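Source file: protein_1.csv; contents: CSV, N, CA and C atoms.
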```csv
chain,number,residue,atom,x,y,z
A,22,MET,N,2.7,28.8,17.7
A,22,MET,CA,1.3,28.5,17.8
A,22,MET,C,0.5,29.3,16.8
A,23,PRO,N,-0.2,28.7,15.9
A,23,PRO,CA,-0.9,29.5,14.9
A,23,PRO,C,-2.0,30.3,15.5
A,24,PHE,N,-2.3,31.4,14.8
A,24,PHE,CA,-3.4,32.3,15.3
A,24,PHE,C,-4.8,31.5,15.2
A,25,PHE,N,-5.0,30.9,14.0
A,25,PHE,CA,-6.2,30.1,13.8
A,25,PHE,C,-5.8,28.6,13.7
A,26,ASP,N,-6.3,27.8,14.6
A,26,ASP,CA,-5.9,26.4,14.6
A,26,ASP,C,-7.0,25.7,13.8
A,27,ILE,N,-6.8,25.7,12.5
A,27,ILE,CA,-7.8,25.1,11.5
A,27,ILE,C,-7.9,23.6,11.7
A,28,GLN,N,-6.8,22.9,11.9
A,28,GLN,CA,-6.8,21.5,12.1
A,28,GLN,C,-7.7,21.1,13.3
A,29,LYS,N,-7.6,21.8,14.4
A,29,LYS,CA,-8.3,21.5,15.6
A,29,LYS,C,-9.8,21.8,15.3
A,30,ARG,N,-10.1,22.9,14.7
A,30,ARG,CA,-11.5,23.3,14.4
A,30,ARG,C,-12.2,22.3,13.5
A,31,LEU,N,-11.5,21.8,12.5
A,31,LEU,CA,-12.1,20.8,11.5
A,31,LEU,C,-12.0,19.4,12.0
A,32,GLY,N,-11.3,19.2,13.1
A,32,GLY,CA,-11.1,17.8,13.6
A,32,GLY,C,-10.2,16.9,12.8
A,33,VAL,N,-9.3,17.6,12.1
A,33,VAL,CA,-8.3,16.8,11.2
A,33,VAL,C,-7.0,16.9,11.8
A,34,ASP,N,-6.2,15.8,11.8
A,34,ASP,CA,-4.9,15.8,12.4
A,34,ASP,C,-3.9,15.4,11.2
A,35,LEU,N,-3.4,16.4,10.5
A,35,LEU,CA,-2.5,16.1,9.4
A,35,LEU,C,-1.1,15.6,9.8
A,36,ASP,N,-0.8,15.8,11.1
A,36,ASP,CA,0.5,15.5,11.5
A,36,ASP,C,0.7,14.0,11.8
A,37,ARG,N,-0.4,13.3,12.0
A,37,ARG,CA,-0.3,11.8,12.3
A,37,ARG,C,-1.1,11.0,11.2
A,38,TRP,N,-1.0,11.4,10.0
A,38,TRP,CA,-1.8,10.7,8.9
A,38,TRP,C,-1.2,9.3,8.7
A,39,MET,N,0.1,9.1,8.9
A,39,MET,CA,0.6,7.7,8.6
A,39,MET,C,0.4,6.7,9.7
A,40,THR,N,0.2,7.2,10.9
A,40,THR,CA,0.0,6.3,12.0
A,40,THR,C,-1.5,6.0,12.3
A,41,ILE,N,-2.3,6.3,11.4
A,41,ILE,CA,-3.7,5.9,11.6
A,41,ILE,C,-4.0,4.4,11.6
A,42,GLN,N,-3.1,3.7,11.0
A,42,GLN,CA,-3.2,2.2,10.9
A,42,GLN,C,-3.2,1.6,12.3
A,43,SER,N,-2.5,2.3,13.2
A,43,SER,CA,-2.4,1.7,14.6
A,43,SER,C,-3.6,2.1,15.5
A,44,ALA,N,-4.4,2.9,15.0
A,44,ALA,CA,-5.6,3.3,15.8
A,44,ALA,C,-6.5,2.1,16.0
A,45,THR,N,-7.5,2.2,16.9
A,45,THR,CA,-8.5,1.2,17.1
A,45,THR,C,-9.3,1.0,15.9
A,46,GLN,N,-9.4,-0.2,15.4
A,46,GLN,CA,-10.1,-0.4,14.2
A,46,GLN,C,-11.5,-1.0,14.5
A,47,PRO,N,-12.5,-0.7,13.6
A,47,PRO,CA,-13.8,-1.3,13.8
A,47,PRO,C,-13.7,-2.8,13.7
A,48,HIS,N,-14.6,-3.5,14.4
A,48,HIS,CA,-14.7,-4.9,14.4
A,48,HIS,C,-13.4,-5.6,14.9
A,49,LYS,N,-12.5,-4.8,15.5
A,49,LYS,CA,-11.3,-5.3,16.1
A,49,LYS,C,-10.4,-6.0,15.2
A,50,LEU,N,-10.5,-5.7,13.9
A,50,LEU,CA,-9.6,-6.3,12.8
A,50,LEU,C,-8.5,-5.3,12.5
A,51,SER,N,-7.3,-5.8,12.5
A,51,SER,CA,-6.1,-4.9,12.2
A,51,SER,C,-6.1,-4.6,10.7
A,52,SER,N,-5.6,-3.5,10.4
A,52,SER,CA,-5.6,-3.0,9.0
A,52,SER,C,-4.5,-3.8,8.2
A,53,ARG,N,-4.6,-3.6,6.9
A,53,ARG,CA,-3.7,-4.4,6.0
A,53,ARG,C,-2.2,-4.2,6.3
A,54,CYS,N,-1.8,-3.0,6.6
A,54,CYS,CA,-0.4,-2.6,6.7
A,54,CYS,C,0.0,-2.4,8.2
A,55,HIS,N,-0.8,-2.9,9.1
A,55,HIS,CA,-0.6,-2.6,10.5
A,55,HIS,C,0.8,-3.2,11.0
A,56,ALA,N,1.1,-4.4,10.5
A,56,ALA,CA,2.3,-5.1,10.9
A,56,ALA,C,3.6,-4.3,10.4
A,57,PHE,N,3.5,-3.9,9.2
A,57,PHE,CA,4.6,-3.1,8.6
A,57,PHE,C,4.8,-1.8,9.4
A,58,GLU,N,3.7,-1.1,9.7
A,58,GLU,CA,3.8,0.2,10.4
A,58,GLU,C,4.3,-0.1,11.8
A,59,LYS,N,3.9,-1.1,12.4
A,59,LYS,CA,4.4,-1.4,13.8
A,59,LYS,C,5.9,-1.7,13.8
A,60,GLU,N,6.4,-2.4,12.8
A,60,GLU,CA,7.8,-2.7,12.7
A,60,GLU,C,8.6,-1.4,12.5
A,61,TRP,N,8.1,-0.5,11.6
A,61,TRP,CA,8.7,0.8,11.4
A,61,TRP,C,8.7,1.7,12.6
A,62,ILE,N,7.6,1.7,13.3
A,62,ILE,CA,7.5,2.6,14.5
A,62,ILE,C,8.5,2.0,15.6
A,63,GLU,N,8.5,0.7,15.8
A,63,GLU,CA,9.4,0.1,16.8
A,63,GLU,C,10.8,0.4,16.5
A,64,CYS,N,11.2,0.3,15.2
A,64,CYS,CA,12.6,0.6,14.8
A,64,CYS,C,13.0,2.0,15.0
A,65,SER,N,12.1,2.9,14.6
A,65,SER,CA,12.5,4.4,14.6
A,65,SER,C,12.2,5.1,16.0
A,66,HIS,N,11.5,4.4,16.9
A,66,HIS,CA,11.1,5.0,18.1
A,66,HIS,C,12.4,5.4,19.0
A,67,GLY,N,12.5,6.6,19.3
A,67,GLY,CA,13.5,7.1,20.2
A,67,GLY,C,14.9,7.2,19.7
A,68,ILE,N,15.1,7.1,18.4
A,68,ILE,CA,16.5,7.2,17.8
A,68,ILE,C,16.7,8.5,17.0
A,69,GLY,N,15.7,9.2,16.8
A,69,GLY,CA,15.8,10.5,16.1
A,69,GLY,C,15.5,10.3,14.6
A,70,VAL,N,15.2,11.4,14.0
A,70,VAL,CA,14.8,11.4,12.6
A,70,VAL,C,16.0,11.0,11.7
A,71,VAL,N,17.2,11.6,11.9
A,71,VAL,CA,18.3,11.4,11.0
A,71,VAL,C,18.8,9.9,11.1
A,72,ARG,N,18.9,9.3,12.3
A,72,ARG,CA,19.2,7.9,12.4
A,72,ARG,C,18.1,7.0,11.9
A,73,ALA,N,16.9,7.4,12.1
A,73,ALA,CA,15.8,6.6,11.7
A,73,ALA,C,15.7,6.5,10.2
A,74,GLU,N,16.0,7.6,9.5
A,74,GLU,CA,16.0,7.5,8.0
A,74,GLU,C,17.0,6.6,7.5
A,75,LYS,N,18.2,6.4,8.1
A,75,LYS,CA,19.2,5.5,7.7
A,75,LYS,C,19.0,4.1,8.1
A,76,GLU,N,18.7,3.9,9.4
A,76,GLU,CA,18.7,2.6,10.0
A,76,GLU,C,17.4,1.9,9.8
A,77,CYS,N,16.3,2.6,9.6
A,77,CYS,CA,15.0,2.0,9.4
A,77,CYS,C,14.4,2.1,8.0
A,78,LYS,N,15.3,2.3,7.1
A,78,LYS,CA,14.9,2.5,5.7
A,78,LYS,C,14.1,1.3,5.1
A,79,ILE,N,14.6,0.1,5.5
A,79,ILE,CA,13.9,-1.1,5.0
A,79,ILE,C,12.5,-1.2,5.5
A,80,GLU,N,12.3,-1.0,6.8
A,80,GLU,CA,11.0,-1.1,7.4
A,80,GLU,C,10.1,0.0,6.8
A,81,TYR,N,10.6,1.2,6.6
A,81,TYR,CA,9.8,2.3,6.0
A,81,TYR,C,9.4,2.0,4.6
A,82,ASP,N,10.4,1.5,3.8
A,82,ASP,CA,10.1,1.1,2.4
A,82,ASP,C,9.0,0.0,2.3
A,83,ASP,N,9.1,-1.0,3.2
A,83,ASP,CA,8.1,-2.0,3.3
A,83,ASP,C,6.7,-1.5,3.6
A,84,PHE,N,6.7,-0.5,4.5
A,84,PHE,CA,5.4,0.1,4.9
A,84,PHE,C,4.8,0.9,3.8
A,85,VAL,N,5.6,1.7,3.1
A,85,VAL,CA,5.1,2.5,2.0
A,85,VAL,C,4.7,1.6,0.8
A,86,GLU,N,5.4,0.5,0.6
A,86,GLU,CA,5.0,-0.4,-0.5
A,86,GLU,C,3.6,-1.1,-0.1
A,87,CYS,N,3.4,-1.4,1.1
A,87,CYS,CA,2.1,-1.9,1.5
A,87,CYS,C,1.0,-0.9,1.4
A,88,LEU,N,1.3,0.3,1.6
A,88,LEU,CA,0.2,1.3,1.5
A,88,LEU,C,-0.1,1.6,0.0
A,89,LEU,N,1.0,1.8,-0.8
A,89,LEU,CA,0.8,2.3,-2.2
A,89,LEU,C,0.8,1.2,-3.2
A,90,ARG,N,1.4,0.1,-2.9
A,90,ARG,CA,1.5,-1.1,-3.8
A,90,ARG,C,2.0,-0.7,-5.2
A,91,GLN,N,3.0,0.1,-5.3
A,91,GLN,CA,3.6,0.5,-6.6
A,91,GLN,C,4.3,-0.6,-7.3
A,92,LYS,N,5.1,-1.4,-6.6
A,92,LYS,CA,5.9,-2.5,-7.2
A,92,LYS,C,4.9,-3.6,-7.6
A,93,THR,N,3.9,-3.8,-6.8
A,93,THR,CA,2.9,-4.8,-7.2
A,93,THR,C,2.2,-4.4,-8.5
A,94,MET,N,1.8,-3.2,-8.6
A,94,MET,CA,1.1,-2.7,-9.9
A,94,MET,C,2.1,-2.8,-11.1
A,95,GLN,N,3.3,-2.4,-10.9
A,95,GLN,CA,4.3,-2.5,-12.0
A,95,GLN,C,4.5,-4.0,-12.4
A,96,ARG,N,4.5,-4.9,-11.5
A,96,ARG,CA,4.7,-6.3,-11.8
A,96,ARG,C,3.4,-6.8,-12.5
A,97,LEU,N,2.2,-6.4,-12.1
A,97,LEU,CA,1.0,-6.8,-12.7
A,97,LEU,C,0.9,-6.3,-14.2
A,98,SER,N,1.4,-5.0,-14.3
A,98,SER,CA,1.4,-4.4,-15.7
A,98,SER,C,2.3,-5.2,-16.6
A,99,ALA,N,3.5,-5.6,-16.1
A,99,ALA,CA,4.5,-6.3,-16.9
A,99,ALA,C,3.9,-7.7,-17.3
A,100,ILE,N,3.2,-8.3,-16.4
A,100,ILE,CA,2.6,-9.6,-16.7
A,100,ILE,C,1.5,-9.5,-17.8
A,101,LYS,N,0.7,-8.4,-17.7
A,101,LYS,CA,-0.3,-8.2,-18.7
A,101,LYS,C,0.3,-7.9,-20.1
A,102,ARG,N,1.4,-7.1,-20.1
A,102,ARG,CA,2.0,-6.8,-21.3
A,102,ARG,C,2.6,-8.1,-22.0
A,103,GLN,N,3.2,-8.9,-21.2
A,103,GLN,CA,3.7,-10.2,-21.7
A,103,GLN,C,2.6,-11.1,-22.2
A,104,ARG,N,1.5,-11.1,-21.5
A,104,ARG,CA,0.4,-12.0,-22.0
A,104,ARG,C,-0.2,-11.4,-23.3
A,105,ASP,N,-0.3,-10.1,-23.4
A,105,ASP,CA,-0.8,-9.5,-24.7
A,105,ASP,C,0.1,-9.8,-25.8
A,106,LYS,N,1.4,-9.7,-25.5
A,106,LYS,CA,2.4,-10.0,-26.5
A,106,LYS,C,2.3,-11.4,-27.0
A,107,LEU,N,2.2,-12.4,-26.1
A,107,LEU,CA,2.1,-13.8,-26.5
A,107,LEU,C,0.8,-14.1,-27.2
A,108,ILE,N,-0.3,-13.4,-26.9
A,108,ILE,CA,-1.5,-13.6,-27.6
A,108,ILE,C,-1.4,-13.1,-29.0
A,109,LYS,N,-0.7,-11.9,-29.2
A,109,LYS,CA,-0.5,-11.3,-30.5
A,109,LYS,C,0.3,-12.2,-31.4
A,110,GLU,N,1.3,-12.9,-30.8
A,110,GLU,CA,2.2,-13.8,-31.5
A,110,GLU,C,1.6,-15.1,-31.8
A,111,GLY,N,0.5,-15.4,-31.1
A,111,GLY,CA,-0.2,-16.7,-31.3
A,111,GLY,C,0.3,-17.8,-30.5
A,112,LYS,N,1.2,-17.5,-29.5
A,112,LYS,CA,1.8,-18.5,-28.7
A,112,LYS,C,0.9,-18.9,-27.4
A,113,TYR,N,-0.1,-18.1,-27.2
A,113,TYR,CA,-0.9,-18.3,-26.0
A,113,TYR,C,-2.4,-18.0,-26.3
A,114,THR,N,-3.2,-18.9,-25.9
A,114,THR,CA,-4.7,-18.7,-26.1
A,114,THR,C,-5.3,-18.8,-24.7
A,115,PRO,N,-5.9,-17.7,-24.3
A,115,PRO,CA,-6.5,-17.6,-23.0
A,115,PRO,C,-7.7,-18.6,-22.9
A,116,PRO,N,-7.9,-19.2,-21.7
A,116,PRO,CA,-9.1,-20.1,-21.6
A,116,PRO,C,-10.4,-19.4,-21.8
A,117,PRO,N,-11.5,-20.1,-22.1
A,117,PRO,CA,-12.7,-19.5,-22.4
A,117,PRO,C,-13.3,-18.6,-21.3
A,118,HIS,N,-13.1,-19.0,-20.1
A,118,HIS,CA,-13.7,-18.3,-18.9
A,118,HIS,C,-12.9,-17.0,-18.7
A,119,HIS,N,-11.7,-16.8,-19.3
A,119,HIS,CA,-11.0,-15.5,-19.2
A,119,HIS,C,-11.4,-14.5,-20.3
A,120,VAL,N,-12.0,-15.0,-21.4
A,120,VAL,CA,-12.4,-14.2,-22.5
A,120,VAL,C,-13.9,-13.8,-22.4
A,121,GLY,N,-14.6,-14.5,-21.6
A,121,GLY,CA,-16.1,-14.2,-21.5
A,121,GLY,C,-16.9,-15.2,-22.4
A,122,ASN,N,-16.3,-16.2,-22.9
A,122,ASN,CA,-17.1,-17.2,-23.7
A,122,ASN,C,-17.5,-18.4,-22.9
A,123,GLU,N,-17.7,-18.3,-21.7
A,123,GLU,CA,-18.0,-19.4,-20.8
A,123,GLU,C,-19.4,-19.9,-21.1
A,124,ASP,N,-19.7,-21.2,-20.9
A,124,ASP,CA,-21.0,-21.8,-21.1
A,124,ASP,C,-21.9,-21.2,-20.1
A,125,PRO,N,-23.2,-20.8,-20.5
A,125,PRO,CA,-24.1,-20.3,-19.6
A,125,PRO,C,-24.5,-21.3,-18.5
A,126,ARG,N,-24.7,-20.9,-17.3
A,126,ARG,CA,-25.1,-21.8,-16.3
A,126,ARG,C,-26.6,-21.9,-16.2
A,127,PRO,N,-27.1,-23.0,-15.8
A,127,PRO,CA,-28.6,-23.2,-15.8
A,127,PRO,C,-29.2,-22.3,-14.7
```
Go ahead and render the structure in this file as structure tokens.
Amino acid sequence: MPFFDIQKRLGVDLDRWMTIQSATQPHKLSSRCHAFEKEWIECSHGIGVVRAEKECKIEYDDFVECLLRQKTMQRLSAIKRQRDKLIKEGKYTPPPHHVGNEDPRP
């Protein structure tokens, strides 16, 4: 037990930062990654840390990807690089509404 319980005094709980998705949400709408977190918690509940790291790795990886979206951003970056390459080679011309040359609306 710490001498000064800073987390309690500040009202911050750093031990449960990943499970905040399961908390009661405003307007009763579930969060973006709630389903992935729920699968991960259901898989790892009651089996211990060591077994959960091995047996629930797929669920945990899905949950982390939903939170951070690293693979999605890498894929988007690859698509943009390919588009820029095709534009530079002259094999692709973006439509006018993608370049900002759209006709003005009345």
Open item on the list: Could you list, as a list in words, every residue within 6 Å of range 60-64 of chain A, counting all atoms listed in the file and ignoring same-chain residues fewer than 2 positions away?
Closed with: His55, Ala56, Phe57, Glu58, His66, Cys77, Glu80 and Tyr81 of chain A
Open item on the list: I need the residues in range 49-82 of chain A that are helix (DSSP H, G or I) according to DSSP; give them as a list in words.
Closed with: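 Selection result, helix (DSSP H, G or I) within range 49-82 of chain A: Lys49, His55, Ala56, Phe57, Glu58, Lys59, Glu60, Trp61, Ile62, Glu63, Cys64, Ser65, Val70, Val71, Arg72, Ala73, Glu74, Lys75, Glu76, Lys78, Ile79, Glu80, Tyr81 and Asp82 of chain A.
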Task: Separation of atom C of Arg104 in chain A from CA of Lys92 in chain A in Å - done: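 Atom C of Arg104 in chain A lies at a distance of 19.4 Å from CA of Lys92 in chain A.
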Task: d(atom C of Leu88 in chain A, atom N of Arg53 in chain A) in Å - done: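 Calculated distance between atom C of Leu88 in chain A and atom N of Arg53 in chain A is 9.7 Å.
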TODO: Mind giving me the straight-line distance from CA of Val85 in chain A to CA of Gly67 in chain A in Å, one decimal?
DONE: 20.6 Å
